[in-house]
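Only one structure is covered here, and it is reproduced in the block below.
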Amino acid sequence: MALIDLFHIDKQYDIKILLKDVSFHLDEGERVAILGRNGCGKSTLMKIASGEEDITEGKRVVNKSIQIEMLSQQPIFEDYLNVRDAIENELTVLKEAKELYDKLTLRLVDEYENERLLTEHSEVTNFLDHHNAWNLDDKIERVLQEFKLKEYENRLVITLSGGEQRRVALASLILKKPDILLLDEPTNHLDVYMVEFLEELILKEKFTLLFISHDRHFIDRVATRVVEVDNCELISYNGGYNRYLVLKEERMKNMQRDHENLLRHLKREEEWLSKGVRAREKRNQGRKKRVFELRDDAKFNPTLIHKMMIELEREKKHFNRDEGVSRKKMLFDVEDLEYNIVNRTLIKDFTTRILQKDKIAIVGDNGSGKSTLLKLMLGDLKPDSGIIKKGEFKLGYFDQHRGVLQDDKTLIETFCPDGGDIIKVNGQNQHVYGYLKSFLFPEEYLSKKVGVLSGGERNRVALALLMSKDVNCLILDEPTNDLDIATINILEEKLINFSGAVIFVSHDRYFIDKIASKLFIFKRGGLIEESYQLYSEYLMIEKEIKELQKFENNIQKESKSSNKQEKVKVKTKLSFKEQRDLDMLPDIIEKLENKIEEINKCLQDPDCYNQKGLTELSVELQKSEDELELKSDKYLDILELAEEIEAI
């Protein structure tokens, strides 16, 4: 059943046409990924589907009872809301439905033949089933844990970073489970473990989903269909990302065959036209017009086919580790590196050597210290202990904020600051337009100022500028953020062919697998593990190990529980320590609860948390909550034991 229907849609901004006579349908249960270059109209198509954007021409048909929710790039929260309240506020309708269900269930005990009551009970049951809202409290806890928001649950949302606020908004939406969920780059600001959780939840809960993403692993696992926006048109491919590549290649081959047939037909028509006399007769003017149309088609098709072929070849290339090249030149020699922040160890006892041809991905949880390691290598931070020796080489750096660009400069001024239109790339002179064309910029962009470009276009400029520099080592911090897939393909091609070392932080599993020959994996306690596996293989093995550990822990718990029950059977009196804990723990627990309440009140009062410091309060809160949980569990265990002894 179609939930959204778009018929013959045109969308135009001033003179720029984004969509021309396109139709789109989203059926219940579909998970559709929208692909295309930055600026081609992906977000516009999504906003038209949601009803947020008006159309120039065409028709949008959506059932008014359908609930459509969209993840905002910059969510807005009330000043007074903490993280947990912000999430629960979005779930009010579901909680009210559950309360109504409980009331109706109780009433049916006495009024089990009441038809109106039975109908209402059935409707509420179906609503809760559709949104899977039976155990919301447990699901809230799970999402807080998996999105690493649990430590912030009592913090005001507005005091969090932009990425953390996006995680709060995403958590609310996936728990709310609207009829249609629209997500624009949902994996931005998520580490790889959060992305895996999101994938599993979307598949398990059977969302109807329309999304934009540059994360090709995410697309391949989640999408049931891919829709590509290209030249103001929509091309649909069934399946995930890898299937999209196969089908796109087949489409290219069919276009090639059609073009060859066109050329044969054109040749016959050109021969007819060359005869001259009959071609000038009035009744043959239509045929003459068709010859000229065929000429135009023959000129256009090879361009389109060539463009598609280049994109596909970039996608099909697999990383080939060049083990035959000498790696003797040392760039970084790191010995016993350690770095701490706010009584927390980010890097501990790290020793490694980075050589001329190394391509290293730095991976791990958000906040684990990956960007800190880059800053230590750049010299922006000083280690607490250990040393970093640097060889002689030229370094190029690409950060998340694209700080190398100046908004008041045009593109040609950015690339040719001393005038002219020639730049040197890899030791060879090249016209700036020819170089920028390889980064998908048309010639008219040369005179545009950097400040008027979109975020994705600015990213492409920063990448093009970096790759034009004469450097031996590239350090990249989240280089694929906010890039479209076509640009990521170009970046991959440049990095694979780059003759120096590449050291980069990324959560993009597909990108890491293609580029990296070595991994620096951040573990707990600041330890960094080195691995030569593909990142996707490492994650798969790590997941299997965690499942085995969980299985083993469950067995041990069952064994301890069994032993404990046997001991209780013969125990007739509490020990002195157990009796003392039974008497004293209630007061200790009450004091901890009061302390936590005071900290939470302070976190809701700007004057208070500004005076005491958010970081200090958060650390103190986490410590108190951990202690409360420990003391409460201990007290309940002793209380249970005392009751069992009394019953003997």
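Ordered as shown in the structure tokens, chains take letters A, B, and onward, while each chain numbers its residues from 1 and ligands are numbered from 1 in the order shown.
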With only C-alpha atoms as the counted atoms, please give the residues lying no more than 12 Å from Lys375 (chain A), apart from itself and same-chain residues fewer than 5 positions off, as a PyMOL selection string. chain A and resi 339+369-370+380-383+388+397-399+475-477+503-505
Kindly export the residues of the current selection with all heavy atoms, as a CSV table (one decimal), in the first residue's frame.
```
chain,number,residue,atom,x,y,z
A,339,TYR,N,48.3,10.4,27.5
A,339,TYR,CA,47.7,11.7,27.6
A,339,TYR,C,46.4,11.5,28.4
A,339,TYR,O,45.6,10.6,28.2
A,339,TYR,CB,47.3,12.2,26.2
A,339,TYR,CG,46.8,13.6,26.1
A,339,TYR,CD1,47.6,14.7,26.2
A,339,TYR,CD2,45.4,13.8,26.1
A,339,TYR,CE1,47.1,16.0,26.2
A,339,TYR,CE2,44.9,15.1,26.1
A,339,TYR,CZ,45.8,16.2,26.1
A,339,TYR,OH,45.3,17.5,26.1
A,369,GLY,N,39.2,9.4,22.1
A,369,GLY,CA,40.5,10.0,22.0
A,369,GLY,C,41.2,10.0,20.7
A,369,GLY,O,42.3,10.3,20.5
A,370,LYS,N,40.4,9.7,19.6
A,370,LYS,CA,40.9,9.5,18.3
A,370,LYS,C,41.4,10.9,17.7
A,370,LYS,O,42.6,10.9,17.3
A,370,LYS,CB,39.8,9.0,17.3
A,370,LYS,CG,39.2,7.6,17.8
A,370,LYS,CD,38.2,7.1,16.8
A,370,LYS,CE,37.0,8.0,16.6
A,370,LYS,NZ,36.2,8.1,17.9
A,380,ASP,N,49.7,20.0,18.1
A,380,ASP,CA,48.8,21.0,18.7
A,380,ASP,C,48.6,20.7,20.2
A,380,ASP,O,48.2,21.6,20.9
A,380,ASP,CB,47.4,20.9,18.0
A,380,ASP,CG,47.5,21.3,16.5
A,380,ASP,OD1,48.5,22.0,16.2
A,380,ASP,OD2,46.6,21.0,15.8
A,381,LEU,N,48.8,19.5,20.6
A,381,LEU,CA,48.8,19.1,22.0
A,381,LEU,C,50.1,18.5,22.4
A,381,LEU,O,50.8,17.9,21.6
A,381,LEU,CB,47.7,18.1,22.3
A,381,LEU,CG,46.2,18.5,22.1
A,381,LEU,CD1,45.3,17.4,22.3
A,381,LEU,CD2,45.8,19.7,23.0
A,382,LYS,N,50.5,18.6,23.7
A,382,LYS,CA,51.7,18.0,24.3
A,382,LYS,C,51.3,16.8,25.1
A,382,LYS,O,50.4,16.9,26.0
A,382,LYS,CB,52.4,19.1,25.1
A,382,LYS,CG,52.9,20.3,24.4
A,382,LYS,CD,53.9,20.0,23.3
A,382,LYS,CE,54.3,21.3,22.6
A,382,LYS,NZ,55.2,21.0,21.4
A,383,PRO,N,52.0,15.7,25.0
A,383,PRO,CA,51.7,14.5,25.8
A,383,PRO,C,52.1,14.7,27.2
A,383,PRO,O,53.0,15.5,27.5
A,383,PRO,CB,52.6,13.4,25.1
A,383,PRO,CG,53.7,14.1,24.4
A,383,PRO,CD,53.1,15.5,24.0
A,388,ILE,N,57.1,11.8,20.7
A,388,ILE,CA,56.7,11.6,19.3
A,388,ILE,C,57.9,12.2,18.5
A,388,ILE,O,58.0,13.4,18.4
A,388,ILE,CB,55.4,12.3,19.0
A,388,ILE,CG1,54.3,11.7,19.8
A,388,ILE,CG2,55.1,12.0,17.5
A,388,ILE,CD1,52.9,12.4,19.6
A,397,TYR,N,46.9,18.6,6.4
A,397,TYR,CA,45.9,18.3,7.4
A,397,TYR,C,44.5,18.7,6.9
A,397,TYR,O,44.3,19.8,6.4
A,397,TYR,CB,46.2,19.0,8.7
A,397,TYR,CG,45.2,18.9,9.8
A,397,TYR,CD1,44.8,17.6,10.2
A,397,TYR,CD2,44.7,20.0,10.5
A,397,TYR,CE1,43.9,17.5,11.3
A,397,TYR,CE2,43.8,19.8,11.5
A,397,TYR,CZ,43.4,18.6,11.9
A,397,TYR,OH,42.5,18.5,12.9
A,398,PHE,N,43.5,17.8,7.2
A,398,PHE,CA,42.1,18.1,6.8
A,398,PHE,C,41.3,17.9,8.1
A,398,PHE,O,41.2,16.7,8.6
A,398,PHE,CB,41.7,17.1,5.7
A,398,PHE,CG,40.3,17.3,5.2
A,398,PHE,CD1,40.0,18.3,4.3
A,398,PHE,CD2,39.2,16.6,5.6
A,398,PHE,CE1,38.8,18.5,3.7
A,398,PHE,CE2,38.0,16.7,5.1
A,398,PHE,CZ,37.7,17.7,4.2
A,399,ASP,N,40.7,18.9,8.6
A,399,ASP,CA,39.9,18.8,9.9
A,399,ASP,C,38.4,18.8,9.6
A,399,ASP,O,37.9,19.1,8.5
A,399,ASP,CB,40.3,19.9,10.9
A,399,ASP,CG,39.8,21.2,10.5
A,399,ASP,OD1,39.2,21.4,9.4
A,399,ASP,OD2,40.0,22.2,11.3
A,475,ILE,N,46.9,13.9,7.1
A,475,ILE,CA,46.2,13.6,8.3
A,475,ILE,C,44.8,14.1,8.2
A,475,ILE,O,44.6,15.3,7.9
A,475,ILE,CB,46.9,14.2,9.5
A,475,ILE,CG1,48.2,13.5,9.8
A,475,ILE,CG2,46.0,14.1,10.8
A,475,ILE,CD1,49.0,13.9,11.0
A,476,LEU,N,43.8,13.2,8.3
A,476,LEU,CA,42.4,13.6,7.9
A,476,LEU,C,41.5,13.2,9.1
A,476,LEU,O,41.5,12.1,9.6
A,476,LEU,CB,41.9,12.8,6.7
A,476,LEU,CG,42.9,12.7,5.5
A,476,LEU,CD1,42.3,11.8,4.5
A,476,LEU,CD2,43.0,14.1,4.9
A,477,ASP,N,40.7,14.2,9.6
A,477,ASP,CA,39.8,14.0,10.7
A,477,ASP,C,38.4,13.9,10.1
A,477,ASP,O,37.8,15.0,9.7
A,477,ASP,CB,39.9,15.1,11.7
A,477,ASP,CG,39.3,14.7,13.0
A,477,ASP,OD1,38.6,13.7,13.1
A,477,ASP,OD2,39.4,15.5,14.0
A,503,ILE,N,46.9,9.0,7.4
A,503,ILE,CA,46.4,8.7,8.8
A,503,ILE,C,45.1,9.4,9.0
A,503,ILE,O,45.0,10.6,8.8
A,503,ILE,CB,47.4,9.2,9.8
A,503,ILE,CG1,48.8,8.7,9.5
A,503,ILE,CG2,47.0,8.8,11.2
A,503,ILE,CD1,49.9,9.5,10.1
A,504,PHE,N,44.0,8.6,9.2
A,504,PHE,CA,42.7,9.3,9.3
A,504,PHE,C,41.8,8.7,10.3
A,504,PHE,O,41.9,7.5,10.7
A,504,PHE,CB,42.0,9.1,7.9
A,504,PHE,CG,41.7,7.8,7.4
A,504,PHE,CD1,40.4,7.2,7.6
A,504,PHE,CD2,42.7,6.9,6.8
A,504,PHE,CE1,40.1,5.9,7.1
A,504,PHE,CE2,42.4,5.7,6.4
A,504,PHE,CZ,41.1,5.2,6.5
A,505,VAL,N,40.9,9.5,10.8
A,505,VAL,CA,39.9,9.1,11.8
A,505,VAL,C,38.6,9.0,11.0
A,505,VAL,O,38.2,9.9,10.2
A,505,VAL,CB,39.7,10.2,12.9
A,505,VAL,CG1,38.4,9.9,13.7
A,505,VAL,CG2,40.9,10.2,13.8
```
Selection near Glu30 (chain A), 9 Å with only C-alpha atoms, sequence-local residues under 3 positions removed, as number ranges by chain: A: 26-27, 206-210, 223-225
When distances are computed from only C-alpha atoms, which of A:Leu621, A:Cys416, A:Arg216, A:Asp110 shows the smallest separation from Asn489 (chain A)?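 Checking each of A:Leu621, A:Cys416, A:Arg216, A:Asp110 against Asn489 (chain A), counting only C-alpha atoms, the winner is A:Arg216.
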So how many Å separate CA of Glu151 (chain A) and CA of Thr615 (chain A), to one decimal? 11.3 Å
Shell around region 626-631 of chain A at 8 Å using only C-alpha atoms, local window under 4 positions removed, as JSON, numbers by chain: {"A": [585, 589, 592, 593, 622, 635]}
Please provide the set of residues having any atom within 9 Å of Val471 (chain A), restricted to only C-alpha atoms, with same-chain residues fewer than 2 positions apart removed, written as an MDAnalysis selection string. chainID A and resid 393:396 466:469 473:474 500
Could you dump the residues just selected with N, CA and C atoms as an mmCIF file, in the first residue's frame?
```cif
data_model
loop_
_atom_site.group_PDB
_atom_site.id
_atom_site.type_symbol
_atom_site.label_atom_id
_atom_site.label_comp_id
_atom_site.auth_asym_id
_atom_site.auth_seq_id
_atom_site.Cartn_x
_atom_site.Cartn_y
_atom_site.Cartn_z
ATOM 1 N N PHE A 393 59.422 15.506 6.526
ATOM 2 C CA PHE A 393 58.379 15.328 5.512
ATOM 3 C C PHE A 393 57.436 16.529 5.544
ATOM 4 N N LYS A 394 56.656 16.678 4.474
ATOM 5 C CA LYS A 394 55.663 17.751 4.392
ATOM 6 C C LYS A 394 54.291 17.163 4.722
ATOM 7 N N LEU A 395 53.537 17.887 5.561
ATOM 8 C CA LEU A 395 52.290 17.370 6.106
ATOM 9 C C LEU A 395 51.094 18.166 5.601
ATOM 10 N N GLY A 396 50.023 17.452 5.239
ATOM 11 C CA GLY A 396 48.750 18.080 4.890
ATOM 12 C C GLY A 396 47.682 17.636 5.877
ATOM 13 N N LEU A 466 43.512 20.431 -0.568
ATOM 14 C CA LEU A 466 44.465 19.570 0.135
ATOM 15 C C LEU A 466 45.204 18.656 -0.841
ATOM 16 N N MET A 467 44.465 18.047 -1.773
ATOM 17 C CA MET A 467 45.074 17.083 -2.693
ATOM 18 C C MET A 467 45.960 17.746 -3.743
ATOM 19 N N SER A 468 45.902 19.089 -3.822
ATOM 20 C CA SER A 468 46.786 19.793 -4.773
ATOM 21 C C SER A 468 48.134 20.146 -4.138
ATOM 22 N N LYS A 469 48.255 19.967 -2.813
ATOM 23 C CA LYS A 469 49.482 20.346 -2.117
ATOM 24 C C LYS A 469 50.576 19.293 -2.305
ATOM 25 N N CYS A 473 52.582 13.310 3.668
ATOM 26 C CA CYS A 473 51.727 12.660 4.665
ATOM 27 C C CYS A 473 50.428 13.448 4.790
ATOM 28 N N LEU A 474 49.305 12.729 4.782
ATOM 29 C CA LEU A 474 47.994 13.349 4.968
ATOM 30 C C LEU A 474 47.406 12.897 6.297
ATOM 31 N N GLY A 500 52.226 8.919 -0.481
ATOM 32 C CA GLY A 500 52.709 9.070 0.890
ATOM 33 C C GLY A 500 51.865 8.306 1.891
#
```
Report, in Å with one decimal, the straight-line distance from CA of Arg243 (chain A) to CA of Asp230 (chain A).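 If I compute the distance from CA of Arg243 (chain A) to CA of Asp230 (chain A), I get 18.0 Å.
Relative to CA of Gly526 (chain A), CA of Arg353 (chain A) is found at 18.0 Å.
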Considering only C-alpha atoms, return as a VMD selection string whatever protein or nucleic-acid residues lie within 9 Å of region 234-236 of chain A, sequence-local ones (same chain, fewer than 4 positions apart) excluded. chain A and resid 19 22 to 24 225 to 230 244
With only C-alpha atoms as the counted atoms, please give the residues lying no more than 7 Å from Leu183 (chain A), apart from itself and same-chain residues fewer than 4 positions off, as JSON, numbers by chain. {"A": [70, 71, 210, 211, 212]}
Could you write out that same residue set with all heavy atoms as a PDB file, in the first residue's frame?
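In the end it all went to out.pdb:
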```
ATOM      1  N   MET A  70      10.376  13.687  10.702  1.00  0.00           N
ATOM      2  CA  MET A  70      11.660  13.880  10.029  1.00  0.00           C
ATOM      3  C   MET A  70      12.721  14.310  11.036  1.00  0.00           C
ATOM      4  O   MET A  70      12.461  15.154  11.899  1.00  0.00           O
ATOM      5  CB  MET A  70      11.521  14.933   8.930  1.00  0.00           C
ATOM      6  CG  MET A  70      12.777  15.153   8.100  1.00  0.00           C
ATOM      7  SD  MET A  70      12.414  16.187   6.656  1.00  0.00           S
ATOM      8  CE  MET A  70      14.041  16.317   5.924  1.00  0.00           C
ATOM      9  N   LEU A  71      13.901  13.712  10.940  1.00  0.00           N
ATOM     10  CA  LEU A  71      15.031  14.096  11.788  1.00  0.00           C
ATOM     11  C   LEU A  71      15.627  15.396  11.276  1.00  0.00           C
ATOM     12  O   LEU A  71      16.113  15.466  10.154  1.00  0.00           O
ATOM     13  CB  LEU A  71      16.098  12.998  11.795  1.00  0.00           C
ATOM     14  CG  LEU A  71      17.380  13.306  12.576  1.00  0.00           C
ATOM     15  CD1 LEU A  71      17.080  13.461  14.061  1.00  0.00           C
ATOM     16  CD2 LEU A  71      18.430  12.228  12.352  1.00  0.00           C
ATOM     17  N   LEU A 210      12.432   6.589   4.633  1.00  0.00           N
ATOM     18  CA  LEU A 210      13.007   7.310   3.492  1.00  0.00           C
ATOM     19  C   LEU A 210      14.221   8.046   4.039  1.00  0.00           C
ATOM     20  O   LEU A 210      14.095   8.837   4.973  1.00  0.00           O
ATOM     21  CB  LEU A 210      11.989   8.290   2.907  1.00  0.00           C
ATOM     22  CG  LEU A 210      12.425   9.102   1.679  1.00  0.00           C
ATOM     23  CD1 LEU A 210      12.696   8.191   0.502  1.00  0.00           C
ATOM     24  CD2 LEU A 210      11.356  10.130   1.314  1.00  0.00           C
ATOM     25  N   PHE A 211      15.408   7.780   3.479  1.00  0.00           N
ATOM     26  CA  PHE A 211      16.607   8.351   4.100  1.00  0.00           C
ATOM     27  C   PHE A 211      17.670   8.720   3.081  1.00  0.00           C
ATOM     28  O   PHE A 211      17.712   8.194   1.967  1.00  0.00           O
ATOM     29  CB  PHE A 211      17.184   7.386   5.142  1.00  0.00           C
ATOM     30  CG  PHE A 211      17.780   6.107   4.586  1.00  0.00           C
ATOM     31  CD1 PHE A 211      19.146   5.967   4.414  1.00  0.00           C
ATOM     32  CD2 PHE A 211      16.965   5.034   4.255  1.00  0.00           C
ATOM     33  CE1 PHE A 211      19.700   4.788   3.932  1.00  0.00           C
ATOM     34  CE2 PHE A 211      17.498   3.851   3.766  1.00  0.00           C
ATOM     35  CZ  PHE A 211      18.876   3.729   3.607  1.00  0.00           C
ATOM     36  N   ILE A 212      18.510   9.681   3.497  1.00  0.00           N
ATOM     37  CA  ILE A 212      19.684  10.104   2.739  1.00  0.00           C
ATOM     38  C   ILE A 212      20.896   9.715   3.564  1.00  0.00           C
ATOM     39  O   ILE A 212      20.945   9.971   4.766  1.00  0.00           O
ATOM     40  CB  ILE A 212      19.670  11.624   2.506  1.00  0.00           C
ATOM     41  CG1 ILE A 212      18.457  12.038   1.670  1.00  0.00           C
ATOM     42  CG2 ILE A 212      20.961  12.087   1.825  1.00  0.00           C
ATOM     43  CD1 ILE A 212      18.216  13.543   1.655  1.00  0.00           C
TER      44      ILE A 212
END
```
Any chance you could list, as a ChimeraX atom specification, the residues in region 373-510 of chain A that come up helix (DSSP H, G or I) when DSSP is run on the backbone? /A:373-378,411-415,432-437,443-447,450-452,455-467,485-497,509-510
Long-range neighbours of Glu90 (chain A) as a CSV table (one decimal) with N, CA and C atoms, in the first residue's frame, 10 Å cut-off, only C-alpha atoms, 5 positions minimum in chain:
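Dumped everything to around.csv:
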```csv
chain,number,residue,atom,x,y,z
A,85,ASP,N,13.9,13.7,29.9
A,85,ASP,CA,12.6,14.3,29.7
A,85,ASP,C,12.3,14.7,28.2
A,95,LYS,N,2.6,6.7,25.7
A,95,LYS,CA,2.4,6.4,27.1
A,95,LYS,C,0.9,6.5,27.5
A,169,ALA,N,17.5,13.6,19.6
A,169,ALA,CA,16.4,13.7,18.6
A,169,ALA,C,16.2,12.4,17.9
A,171,ALA,N,17.0,9.4,19.0
A,171,ALA,CA,16.5,8.4,20.0
A,171,ALA,C,15.0,8.6,20.1
A,172,SER,N,14.5,9.8,20.2
A,172,SER,CA,13.1,10.1,20.3
A,172,SER,C,12.3,9.5,19.1
A,173,LEU,N,12.8,9.8,17.9
A,173,LEU,CA,12.1,9.4,16.7
A,173,LEU,C,12.0,7.9,16.6
A,175,LEU,N,12.1,5.6,18.9
A,175,LEU,CA,11.2,5.1,19.9
A,175,LEU,C,9.8,5.4,19.6
A,176,LYS,N,9.5,6.6,19.0
A,176,LYS,CA,8.2,7.0,18.6
A,176,LYS,C,7.6,6.1,17.5
```
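Among A:Val502, A:Val452, A:Leu373, A:Met1, the residue with the shortest atom-to-atom distance to Glu338 (chain A), counting only C-alpha atoms, is A:Leu373.
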